[in-house]
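These notes concern the structure reproduced below.
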Amino acid sequence: MEARLFAQEGAAVVIADILQDEGKQVEAEINESGGRALFVNLDVTSADDWQAAVAKAVETFGKMDILVNNAAIYSRVPIEHASEEEWDSIIDINLKGVFLGTKHSIAAMRDAGGGSIINISSTAGLVGSPRGGAYTASKGGVRLFTKNTAIQLAPDGIRANSIHPGPIDTEMIEGLAASVERVPLGRIGTVDDVAYGALFLASDEASFMTGSELVIDGGVTAQ
């Protein structure tokens with residue numbers, strides 16, 4: 001959704017994913033509607049893939065000044081029963097992927113005169129949970145890594161902020177009815193809610209925001 005919304009607002013977008021069919025479909029939809037889009041294959045745990053993706057973005061569109069790190073996987077397995085392989089996989093995709101994306105985008109953003117890095121964390125990165133230890137650890141790591149990034153890159157005019165969605169209607173959500181009961185606003189969030197938050201953080205309207213947390217959870221963490 002972020003790609004379509006950003007394209008509607010005039011941005012040239014690069015859709016980077018391991019899901020080639022879905023990614024190419026979004027690319028085609030944007031281009032056919034008059035936008036500018038490019039799909040590149042990206043495994044977020046691969047430094048080589050990140051370097052190639054950033055190079056292709058700059059080659060195709062002339063610069064890169066926005067990065068949205070939003071790849072994630074989830075598991076509800078209790079700590080006692082979680083395997084090392086599962087832990088490593090979640091940390092690699094959810095946290096290492098953010099590190100690699102950031103690392104390999106800095107030079108391009110510096111060349112562009114600045115930019116905005118938006119890392120999708122979670123309310124699980126703000127408060128504890130009885131489930132998903134690896135997921136919570138990864139999203140908490142994203143939160144603090146974002147703050148570190150913000151401080152380091154501020155002199156270059158590069159901002160970094162994290163978004164913390166609560167219950168959102170995606171494939172990762174389980175127990176929809178139970179989730180609604182926890183939300184003061186009485187509904188589950190949508191991918192549009194998160195996309196508009198990312199759009200704001202990418203825009204000049206958020207030019208004085210860096211190292212901040214944008215919580216989009218319908219009031220769950222206010223309780």
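Letters for chains follow the order of the structure tokens (A, B, ...), residue numbers begin at 1 for each chain, and ligand numbers begin at 1 in the order shown.
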
Report as JSON, numbers by chain: the residues of segment 47-77 of chain A with a DSSP assignment of strand (DSSP E), based on the backbone of this structure. {"A": [66, 67, 68, 69]}

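Checking A:Gly113, A:Asp217, A:Val194, A:Gly128 one by one against Asp65 of chain A, counting only C-alpha atoms, you find the shortest gap at A:Gly113.
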
If I take atom CA of Gly114 of chain A and atom CA of Ser33 of chain A, how far is one from the other in Å, to one decimal? 28.6 Å

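The shortest atom-to-atom distance to Glu181 of chain A, with only C-alpha atoms taken into account, belongs to A:Val220 out of A:Val220, A:Trp87, A:Leu153, A:Met209.
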
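Closest to Thr136 of chain A among A:Val215, A:Ala107, A:Val77, A:Ile117 is A:Val77, based on only C-alpha atoms.
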
Residue set, segment 35-148 of chain A restricted to helix (DSSP H, G or I), as an mmCIF file with N, CA and C atoms, in the first residue's frame:
```cif
data_model
loop_
_atom_site.group_PDB
_atom_site.id
_atom_site.type_symbol
_atom_site.label_atom_id
_atom_site.label_comp_id
_atom_site.auth_asym_id
_atom_site.auth_seq_id
_atom_site.Cartn_x
_atom_site.Cartn_y
_atom_site.Cartn_z
ATOM 1 N N ALA A 47 23.136 -8.416 1.954
ATOM 2 C CA ALA A 47 23.809 -7.144 1.690
ATOM 3 C C ALA A 47 23.962 -6.907 0.195
ATOM 4 N N ASP A 48 24.258 -7.967 -0.559
ATOM 5 C CA ASP A 48 24.410 -7.825 -2.006
ATOM 6 C C ASP A 48 23.114 -7.363 -2.658
ATOM 7 N N ASP A 49 21.995 -7.930 -2.215
ATOM 8 C CA ASP A 49 20.699 -7.520 -2.771
ATOM 9 C C ASP A 49 20.415 -6.058 -2.473
ATOM 10 N N TRP A 50 20.730 -5.636 -1.254
ATOM 11 C CA TRP A 50 20.497 -4.232 -0.890
ATOM 12 C C TRP A 50 21.348 -3.291 -1.733
ATOM 13 N N GLN A 51 22.616 -3.622 -1.915
ATOM 14 C CA GLN A 51 23.489 -2.767 -2.715
ATOM 15 C C GLN A 51 22.972 -2.656 -4.141
ATOM 16 N N ALA A 52 22.533 -3.788 -4.692
ATOM 17 C CA ALA A 52 22.018 -3.791 -6.065
ATOM 18 C C ALA A 52 20.724 -2.995 -6.171
ATOM 19 N N ALA A 53 19.848 -3.117 -5.174
ATOM 20 C CA ALA A 53 18.564 -2.411 -5.203
ATOM 21 C C ALA A 53 18.752 -0.901 -5.135
ATOM 22 N N VAL A 54 19.636 -0.457 -4.248
ATOM 23 C CA VAL A 54 19.881 0.982 -4.119
ATOM 24 C C VAL A 54 20.518 1.517 -5.401
ATOM 25 N N ALA A 55 21.474 0.780 -5.946
ATOM 26 C CA ALA A 55 22.124 1.207 -7.187
ATOM 27 C C ALA A 55 21.117 1.311 -8.327
ATOM 28 N N LYS A 56 20.202 0.355 -8.397
ATOM 29 C CA LYS A 56 19.190 0.368 -9.455
ATOM 30 C C LYS A 56 18.234 1.535 -9.280
ATOM 31 N N ALA A 57 17.869 1.838 -8.041
ATOM 32 C CA ALA A 57 16.979 2.972 -7.773
ATOM 33 C C ALA A 57 17.610 4.273 -8.238
ATOM 34 N N VAL A 58 18.885 4.468 -7.909
ATOM 35 C CA VAL A 58 19.573 5.700 -8.295
ATOM 36 C C VAL A 58 19.766 5.759 -9.804
ATOM 37 N N GLU A 59 20.116 4.623 -10.393
ATOM 38 C CA GLU A 59 20.307 4.568 -11.848
ATOM 39 C C GLU A 59 19.020 4.891 -12.595
ATOM 40 N N THR A 60 17.896 4.392 -12.092
ATOM 41 C CA THR A 60 16.614 4.542 -12.789
ATOM 42 C C THR A 60 15.985 5.911 -12.555
ATOM 43 N N PHE A 61 16.031 6.385 -11.322
ATOM 44 C CA PHE A 61 15.295 7.608 -10.972
ATOM 45 C C PHE A 61 16.188 8.805 -10.607
ATOM 46 N N ILE A 79 8.739 -18.697 24.416
ATOM 47 C CA ILE A 79 10.196 -18.771 24.476
ATOM 48 C C ILE A 79 10.674 -20.200 24.736
ATOM 49 N N GLU A 80 10.025 -20.873 25.643
ATOM 50 C CA GLU A 80 10.448 -22.221 26.041
ATOM 51 C C GLU A 80 10.446 -23.196 24.875
ATOM 52 N N HIS A 81 9.543 -22.981 23.914
ATOM 53 C CA HIS A 81 9.400 -23.920 22.802
ATOM 54 C C HIS A 81 9.961 -23.393 21.482
ATOM 55 N N GLU A 84 16.147 -22.230 17.918
ATOM 56 C CA GLU A 84 17.163 -21.242 17.553
ATOM 57 C C GLU A 84 16.983 -20.797 16.106
ATOM 58 N N GLU A 85 16.594 -21.727 15.250
ATOM 59 C CA GLU A 85 16.411 -21.396 13.832
ATOM 60 C C GLU A 85 15.298 -20.365 13.656
ATOM 61 N N GLU A 86 14.215 -20.542 14.407
ATOM 62 C CA GLU A 86 13.106 -19.596 14.331
ATOM 63 C C GLU A 86 13.529 -18.226 14.860
ATOM 64 N N TRP A 87 14.226 -18.217 15.978
ATOM 65 C CA TRP A 87 14.729 -16.958 16.544
ATOM 66 C C TRP A 87 15.610 -16.240 15.526
ATOM 67 N N ASP A 88 16.574 -16.969 14.958
ATOM 68 C CA ASP A 88 17.514 -16.353 14.016
ATOM 69 C C ASP A 88 16.801 -15.812 12.787
ATOM 70 N N SER A 89 15.822 -16.542 12.296
ATOM 71 C CA SER A 89 15.099 -16.109 11.100
ATOM 72 C C SER A 89 14.344 -14.814 11.353
ATOM 73 N N ILE A 90 13.663 -14.728 12.487
ATOM 74 C CA ILE A 90 12.888 -13.518 12.808
ATOM 75 C C ILE A 90 13.812 -12.322 13.027
ATOM 76 N N ILE A 91 14.883 -12.521 13.766
ATOM 77 C CA ILE A 91 15.825 -11.425 14.001
ATOM 78 C C ILE A 91 16.485 -10.992 12.688
ATOM 79 N N ASP A 92 16.830 -11.942 11.851
ATOM 80 C CA ASP A 92 17.475 -11.607 10.570
ATOM 81 C C ASP A 92 16.578 -10.752 9.683
ATOM 82 N N ILE A 93 15.334 -11.156 9.526
ATOM 83 C CA ILE A 93 14.432 -10.433 8.635
ATOM 84 C C ILE A 93 13.968 -9.118 9.261
ATOM 85 N N ASN A 94 13.530 -9.185 10.508
ATOM 86 C CA ASN A 94 12.906 -8.013 11.139
ATOM 87 C C ASN A 94 13.889 -6.948 11.595
ATOM 88 N N LEU A 95 15.087 -7.355 11.996
ATOM 89 C CA LEU A 95 16.048 -6.403 12.557
ATOM 90 C C LEU A 95 17.296 -6.240 11.686
ATOM 91 N N LYS A 96 17.928 -7.347 11.323
ATOM 92 C CA LYS A 96 19.101 -7.240 10.455
ATOM 93 C C LYS A 96 18.722 -6.604 9.120
ATOM 94 N N GLY A 97 17.540 -6.911 8.619
ATOM 95 C CA GLY A 97 17.099 -6.322 7.360
ATOM 96 C C GLY A 97 17.020 -4.810 7.436
ATOM 97 N N VAL A 98 16.584 -4.279 8.581
ATOM 98 C CA VAL A 98 16.525 -2.828 8.783
ATOM 99 C C VAL A 98 17.934 -2.240 8.817
ATOM 100 N N PHE A 99 18.836 -2.921 9.498
ATOM 101 C CA PHE A 99 20.230 -2.476 9.542
ATOM 102 C C PHE A 99 20.832 -2.426 8.146
ATOM 103 N N LEU A 100 20.668 -3.503 7.373
ATOM 104 C CA LEU A 100 21.274 -3.555 6.037
ATOM 105 C C LEU A 100 20.662 -2.512 5.104
ATOM 106 N N GLY A 101 19.347 -2.368 5.172
ATOM 107 C CA GLY A 101 18.694 -1.371 4.323
ATOM 108 C C GLY A 101 19.186 0.025 4.624
ATOM 109 N N THR A 102 19.301 0.318 5.912
ATOM 110 C CA THR A 102 19.796 1.633 6.330
ATOM 111 C C THR A 102 21.244 1.827 5.904
ATOM 112 N N LYS A 103 22.078 0.869 6.231
ATOM 113 C CA LYS A 103 23.515 0.949 5.932
ATOM 114 C C LYS A 103 23.772 1.244 4.457
ATOM 115 N N ILE A 106 22.567 4.961 3.021
ATOM 116 C CA ILE A 106 23.098 6.217 3.555
ATOM 117 C C ILE A 106 23.827 7.025 2.490
ATOM 118 N N ALA A 107 24.721 6.398 1.754
ATOM 119 C CA ALA A 107 25.515 7.131 0.771
ATOM 120 C C ALA A 107 24.625 7.778 -0.286
ATOM 121 N N ALA A 108 23.612 7.041 -0.750
ATOM 122 C CA ALA A 108 22.705 7.581 -1.769
ATOM 123 C C ALA A 108 21.909 8.753 -1.223
ATOM 124 N N MET A 109 21.450 8.653 0.027
ATOM 125 C CA MET A 109 20.705 9.756 0.632
ATOM 126 C C MET A 109 21.594 10.961 0.870
ATOM 127 N N ARG A 110 22.827 10.704 1.267
ATOM 128 C CA ARG A 110 23.769 11.809 1.448
ATOM 129 C C ARG A 110 23.987 12.529 0.112
ATOM 130 N N ASP A 111 24.146 11.765 -0.957
ATOM 131 C CA ASP A 111 24.321 12.350 -2.287
ATOM 132 C C ASP A 111 23.087 13.147 -2.712
ATOM 133 N N THR A 123 3.722 -2.040 18.109
ATOM 134 C CA THR A 123 3.497 -1.771 19.532
ATOM 135 C C THR A 123 4.208 -2.828 20.378
ATOM 136 N N ALA A 124 4.522 -3.967 19.763
ATOM 137 C CA ALA A 124 5.304 -4.990 20.463
ATOM 138 C C ALA A 124 6.725 -4.520 20.724
ATOM 139 N N GLY A 125 7.150 -3.457 20.046
ATOM 140 C CA GLY A 125 8.446 -2.867 20.317
ATOM 141 C C GLY A 125 8.396 -1.816 21.406
ATOM 142 N N GLY A 133 8.383 -13.949 21.619
ATOM 143 C CA GLY A 133 9.578 -13.337 22.187
ATOM 144 C C GLY A 133 10.539 -12.799 21.142
ATOM 145 N N ALA A 134 10.771 -13.549 20.082
ATOM 146 C CA ALA A 134 11.699 -13.109 19.039
ATOM 147 C C ALA A 134 11.151 -11.893 18.306
ATOM 148 N N TYR A 135 9.848 -11.905 18.046
ATOM 149 C CA TYR A 135 9.224 -10.774 17.356
ATOM 150 C C TYR A 135 9.328 -9.510 18.210
ATOM 151 N N THR A 136 9.014 -9.635 19.489
ATOM 152 C CA THR A 136 9.095 -8.485 20.394
ATOM 153 C C THR A 136 10.526 -7.964 20.473
ATOM 154 N N ALA A 137 11.479 -8.864 20.589
ATOM 155 C CA ALA A 137 12.887 -8.458 20.648
ATOM 156 C C ALA A 137 13.298 -7.739 19.365
ATOM 157 N N SER A 138 12.857 -8.262 18.234
ATOM 158 C CA SER A 138 13.233 -7.651 16.949
ATOM 159 C C SER A 138 12.637 -6.261 16.803
ATOM 160 N N LYS A 139 11.382 -6.101 17.199
ATOM 161 C CA LYS A 139 10.725 -4.803 17.030
ATOM 162 C C LYS A 139 11.211 -3.776 18.060
ATOM 163 N N GLY A 140 11.564 -4.242 19.256
ATOM 164 C CA GLY A 140 12.197 -3.343 20.210
ATOM 165 C C GLY A 140 13.561 -2.896 19.707
ATOM 166 N N GLY A 141 14.264 -3.803 19.058
ATOM 167 C CA GLY A 141 15.543 -3.465 18.470
ATOM 168 C C GLY A 141 15.405 -2.431 17.367
ATOM 169 N N VAL A 142 14.364 -2.580 16.545
ATOM 170 C CA VAL A 142 14.115 -1.600 15.484
ATOM 171 C C VAL A 142 13.888 -0.217 16.076
ATOM 172 N N ARG A 143 13.140 -0.151 17.149
ATOM 173 C CA ARG A 143 12.849 1.133 17.807
ATOM 174 C C ARG A 143 14.138 1.845 18.220
ATOM 175 N N LEU A 144 15.014 1.158 18.924
ATOM 176 C CA LEU A 144 16.228 1.803 19.414
ATOM 177 C C LEU A 144 17.262 2.000 18.308
ATOM 178 N N PHE A 145 17.308 1.084 17.350
ATOM 179 C CA PHE A 145 18.205 1.283 16.207
ATOM 180 C C PHE A 145 17.811 2.536 15.436
ATOM 181 N N THR A 146 16.506 2.788 15.336
ATOM 182 C CA THR A 146 16.023 3.982 14.649
ATOM 183 C C THR A 146 16.512 5.243 15.352
ATOM 184 N N LYS A 147 16.464 5.243 16.667
ATOM 185 C CA LYS A 147 16.934 6.410 17.421
ATOM 186 C C LYS A 147 18.434 6.618 17.217
ATOM 187 N N ASN A 148 19.186 5.533 17.242
ATOM 188 C CA ASN A 148 20.618 5.623 17.011
ATOM 189 C C ASN A 148 20.906 6.171 15.616
#
```

In Å to one decimal, how far is atom CA of Gly157 of chain A from atom CA of Ala37 of chain A? 25.2 Å

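With distances restricted to only C-alpha atoms, A:Ala195 is the closest residue to Leu214 of chain A from A:Ile66, A:Ile18, A:Ala195, A:Val13.
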
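Minimum distance to Ala112 of chain A across A:Asp204, A:Gln223, A:Ile158, A:Ile30 (counting only C-alpha atoms) occurs at A:Ile158.
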
For a test of reading the model, state the distance in Å between atom CA of Ala160 of chain A and atom CA of Gly211 of chain A, rounded to one decimal. 5.6 Å

Please report, as a tab-separated table, each residue of segment 16-83 of chain A lying at most 12 Å from segment 198-201 of chain A, together with the nearest pair of atoms and the separation in Å rounded to one decimal; use only C-alpha atoms, and order rows by chain and ascending residue number.
```
residue	atom	partner	partner_atom	distance
A:Ile66	CA	A:Leu201	CA	9.7
A:Leu67	CA	A:Ala198	CA	10.0
A:Val68	CA	A:Ala198	CA	7.7
A:Asn69	CA	A:Ala198	CA	10.3
A:Asn70	CA	A:Ala198	CA	10.4
```

Please, could you write that set of residues out with C-alpha atoms as a tab-separated table (two decimals), in the first residue's frame?
```tsv
chain	number	residue	atom	x	y	z
A	66	ILE	CA	13.19	7.86	1.11
A	67	LEU	CA	13.51	4.36	2.56
A	68	VAL	CA	10.68	2.37	4.14
A	69	ASN	CA	11.88	-0.77	5.93
A	70	ASN	CA	8.76	-2.89	6.36
```

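Excluding Glu29 of chain A and any residue on its chain fewer than 2 positions from it, the residues at most 12 Å away by only C-alpha atoms are Met1, Ala3, Arg4, Leu5, Ala7, Gln8, Ile15, Glu22, Gly23, Lys24, Gln25, Val26, Glu27, Asn31, Glu32, Ser33, Gly34, Gly35, Arg36, Ala37, Leu38 and Phe39 of chain A.
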
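Compared by their closest atoms to Ile163 of chain A, and using only C-alpha atoms, the residues A:Ala11, A:Val180, A:Ala202, A:Val40 rank with A:Ala202 nearest.
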